[in-house]
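Raw input-v5.cif, mmCIF, C-alpha atoms:
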data_final
loop_
_atom_site.label_atom_id
_atom_site.label_comp_id
_atom_site.auth_asym_id
_atom_site.auth_seq_id
_atom_site.Cartn_x
_atom_site.Cartn_y
_atom_site.Cartn_z
CA MET Y 1 -65.02 95.81 59.25
CA ASN Y 2 -64.17 94.85 55.70
CA HIS Y 3 -66.38 91.78 55.56
CA VAL Y 4 -69.97 90.78 56.19
CA SER Y 5 -70.25 89.80 59.85
CA LEU Y 6 -72.24 87.02 61.55
CA VAL Y 7 -74.40 86.72 64.65
CA LEU Y 8 -75.17 83.22 65.96
CA VAL Y 9 -78.37 82.86 67.97
CA SER Y 10 -79.00 79.64 69.87
CA HIS Y 11 -81.07 78.52 72.82
CA SER Y 12 -77.81 77.12 74.19
CA GLU Y 13 -74.91 79.37 75.14
CA GLU Y 14 -72.53 76.46 74.65
CA ILE Y 15 -73.74 75.77 71.10
CA ALA Y 16 -73.44 79.43 70.10
CA GLU Y 17 -69.98 79.82 71.66
CA GLY Y 18 -68.70 76.50 70.29
CA LEU Y 19 -69.89 77.33 66.79
CA LYS Y 20 -68.29 80.78 67.05
CA LYS Y 21 -64.99 79.15 68.02
CA LEU Y 22 -65.17 76.81 65.01
CA LEU Y 23 -66.01 79.61 62.59
CA GLU Y 24 -63.26 81.88 63.88
CA GLN Y 25 -60.80 79.16 62.84
CA VAL Y 26 -62.40 78.89 59.39
CA ALA Y 27 -62.72 82.64 58.78
CA PRO Y 28 -60.49 84.59 61.18
CA ASN Y 29 -61.08 87.86 59.31
CA VAL Y 30 -64.89 87.76 59.80
CA GLY Y 31 -66.54 89.41 62.80
CA ILE Y 32 -68.61 86.79 64.62
CA ALA Y 33 -70.73 87.24 67.75
CA ALA Y 34 -72.57 84.59 69.75
CA ALA Y 35 -75.88 85.27 71.46
CA GLY Y 36 -76.78 82.02 73.16
CA GLY Y 37 -78.85 81.18 76.17
CA ASN Y 38 -80.81 83.42 78.47
CA ASN Y 39 -79.10 84.35 81.73
CA GLY Y 40 -77.50 80.95 82.13
CA GLU Y 41 -80.62 79.06 81.13
CA ILE Y 42 -81.94 77.61 77.88
CA GLY Y 43 -83.58 80.26 75.72
CA THR Y 44 -82.82 83.43 73.82
CA ASN Y 45 -82.78 87.06 74.82
CA ALA Y 46 -83.56 89.95 72.46
CA LEU Y 47 -81.29 92.38 74.33
CA ARG Y 48 -78.37 89.95 74.14
CA ILE Y 49 -79.00 89.51 70.40
CA GLN Y 50 -79.15 93.28 69.91
CA GLU Y 51 -75.83 93.68 71.74
CA ALA Y 52 -74.30 90.94 69.58
CA ILE Y 53 -75.49 92.66 66.39
CA GLU Y 54 -74.08 95.99 67.52
CA SER Y 55 -70.75 94.41 68.54
CA VAL Y 56 -69.99 93.12 65.02
CA TYR Y 57 -72.18 95.34 62.82
CA SER Y 58 -70.53 96.12 59.51
CA GLU Y 59 -71.49 98.51 56.74
CA LYS Y 60 -70.83 95.51 54.47
CA GLY Y 61 -73.72 93.81 56.27
CA THR Y 62 -74.47 91.41 59.10
CA VAL Y 63 -76.15 88.01 58.84
CA VAL Y 64 -78.08 86.63 61.80
CA LEU Y 65 -78.51 82.84 61.96
CA PHE Y 66 -80.71 81.11 64.53
CA ASP Y 67 -81.53 77.61 65.74
CA LEU Y 68 -85.24 77.33 66.61
CA GLY Y 69 -88.43 79.23 65.86
CA SER Y 70 -88.66 81.30 69.03
CA ALA Y 71 -85.10 82.53 68.43
CA LEU Y 72 -86.43 84.12 65.25
CA LEU Y 73 -88.95 86.14 67.26
CA ASN Y 74 -86.22 87.49 69.53
CA ALA Y 75 -83.93 88.18 66.56
CA GLU Y 76 -86.68 90.21 64.89
CA LEU Y 77 -87.29 92.11 68.13
CA ALA Y 78 -83.55 92.74 68.48
CA LEU Y 79 -83.47 94.24 64.97
CA GLU Y 80 -86.30 96.60 65.89
CA MET Y 81 -84.49 97.58 69.08
CA ALA Y 82 -81.21 98.13 67.20
CA GLY Y 83 -82.87 100.59 64.80
CA GLY Y 84 -81.00 102.06 61.86
CA LYS Y 85 -79.18 98.86 60.99
CA GLU Y 86 -80.47 98.47 57.43
CA ARG Y 87 -77.78 96.03 56.37
CA VAL Y 88 -78.79 93.22 58.74
CA ARG Y 89 -80.45 90.10 57.34
CA ILE Y 90 -81.90 87.14 59.21
CA ALA Y 91 -81.05 84.02 57.22
CA ASP Y 92 -83.49 81.13 56.83
CA ALA Y 93 -80.78 78.49 57.11
CA PRO Y 94 -79.70 75.61 59.35
CA LEU Y 95 -77.57 77.12 62.10
CA VAL Y 96 -74.40 75.01 61.88
CA GLU Y 97 -74.15 74.34 58.15
CA GLY Y 98 -75.53 77.76 57.22
CA ALA Y 99 -73.14 79.59 59.52
CA TYR Y 100 -70.19 77.60 58.19
CA ILE Y 101 -71.01 78.50 54.58
CA ALA Y 102 -71.74 82.11 55.56
CA ALA Y 103 -68.35 82.39 57.28
CA VAL Y 104 -66.55 81.01 54.23
CA GLU Y 105 -68.41 83.31 51.83
CA ALA Y 106 -67.97 86.36 54.06
CA GLY Y 107 -64.28 85.52 54.45
CA LEU Y 108 -63.95 85.54 50.68
CA GLY Y 109 -65.31 89.10 50.67
CA LYS Y 110 -68.69 88.27 49.12
CA PRO Y 111 -71.44 90.91 49.44
CA LEU Y 112 -74.29 90.56 51.93
CA GLU Y 113 -76.94 89.19 49.56
CA GLU Y 114 -74.57 86.53 48.20
CA VAL Y 115 -73.65 85.42 51.73
CA VAL Y 116 -77.34 85.14 52.62
CA GLN Y 117 -78.18 83.24 49.42
CA ALA Y 118 -75.30 80.81 49.94
CA CYS Y 119 -76.20 79.96 53.53
CA GLU Y 120 -79.91 79.64 52.72
CA ALA Y 121 -79.08 77.28 49.82
CA VAL Y 122 -77.67 74.86 52.38
CA LYS Y 123 -81.26 73.83 53.18
CA GLN Y 124 -81.21 71.89 49.91
CA MET Y 125 -77.94 70.08 50.69
CA VAL Y 126 -78.11 66.29 50.79
CA LYS Y 127 -75.65 64.99 53.37
CA ILE Y 128 -76.14 61.29 52.64
CA GLU Y 129 -77.10 59.93 49.23
CA LYS Y 130 -79.55 57.03 49.50
#
Rewrite the structure of this file - the entire thing - as structure tokens.
Amino acid sequence: MNHVSLVLVSHSEEIAEGLKKLLEQVAPNVGIAAAGGNNGEIGTNALRIQEAIESVYSEKGTVVLFDLGSALLNAELALEMAGGKERVRIADAPLVEGAYIAAVEAGLGKPLEEVVQACEAVKQMVKIEK
């Protein structure tokens, strides 16, 4: 792959798959994998996340974005299980907005650290001025 890739981790399979579908329209040249749900139920699964990472892993790097705290634990476990994937970063960013920005930046060919910085900066975004 010629671009940084993305892995979307959500407790909901539908959220992860729907977001993937949106991002594929925004950045069709970026590898994107969804790892949502846990065997048809709400939750996350480290093995499913590991498989998602391996399915889109790029030497340019891979950014993992997640929805809730326990998804982080499974993402970290998945990274340990994947072993040897030094160019994977877990981003501390809101899932939807962060993934959108990450897809745009990756689609523009930005390097891994810039993609991570851009999606993490979204935490400071003000959506409604008061």
task = Enter the distance from atom CA of Y:Ser12 to atom CA of Y:Glu113, in Å, rounded to one decimal.
result =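 Distance between the two atoms: 27.4 Å.
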With 6 Å as the cut-off and only C-alpha atoms counted, what is the closest atom pair between each nearby residue of stretch 26-78 of chain Y and stretch 85-98 of chain Y? Distances in Å to one decimal, ordered by chain and number, as a tab-separated table.
residue	atom	partner	partner_atom	distance
Y:Gly61	CA	Y:Arg87	CA	4.6
Y:Thr62	CA	Y:Val88	CA	4.7
Y:Val63	CA	Y:Arg89	CA	5.0
Y:Val64	CA	Y:Ile90	CA	4.6
Y:Leu65	CA	Y:Ala91	CA	5.5
Y:Phe66	CA	Y:Leu95	CA	5.6
Y:Asp67	CA	Y:Leu95	CA	5.4
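You can rank Y:Val116, Y:Met125, Y:Lys130, Y:Val104 by their closest distance to Y:Gln25 using all atoms listed in the file, and at the top of that list sits Y:Val104.
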key: atom CA of Y:Asn74 to atom CA of Y:Lys110, straight-line distance in Å   =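 Here the two named atoms are 26.9 Å from each other.
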key: Top pick for closest residue to Y:Ala103, considering Y:Leu77, Y:Lys21, Y:Gly37, Y:Glu14 and counting only C-alpha atoms   =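 Among the listed residues, the smallest separation from Y:Ala103 belongs to Y:Lys21.
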ask   = For Y:Leu79, which of Y:Leu22, Y:Val9, Y:Ile128, Y:Ile53 is the closest residue, counting only C-alpha atoms?
value = Y:Ile53
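Distance-wise, atom CA of Y:Gly69 and atom CA of Y:Ile42 end up 13.8 Å apart.
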For stretch 46-48 of chain Y, list every protein, DNA or RNA residue within 7 Å, evaluated using all atoms listed in the file, and leave out those in the same chain fewer than 2 positions away; present the list as a short mmCIF file (atom, residue, chain, number, x, y, z; two decimals) with C-alpha atoms, keeping the file's coordinate frame.
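Writing the result to result_18.cif gives the following:
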data_model
loop_
_atom_site.label_atom_id
_atom_site.label_comp_id
_atom_site.auth_asym_id
_atom_site.auth_seq_id
_atom_site.Cartn_x
_atom_site.Cartn_y
_atom_site.Cartn_z
CA ALA Y 35 -75.88 85.27 71.46
CA THR Y 44 -82.82 83.43 73.82
CA GLN Y 50 -79.15 93.28 69.91
CA GLU Y 51 -75.83 93.68 71.74
CA ALA Y 52 -74.30 90.94 69.58
CA ASN Y 74 -86.22 87.49 69.53
CA ALA Y 75 -83.93 88.18 66.56
CA LEU Y 77 -87.29 92.11 68.13
CA ALA Y 78 -83.55 92.74 68.48
#
key: Close residues, Y:His3 itself excluded, 9 Å, only C-alpha atoms, min 4 positions apart in chain, as a PyMOL selection string   = chain Y and resi 29-31+58-62+106-112
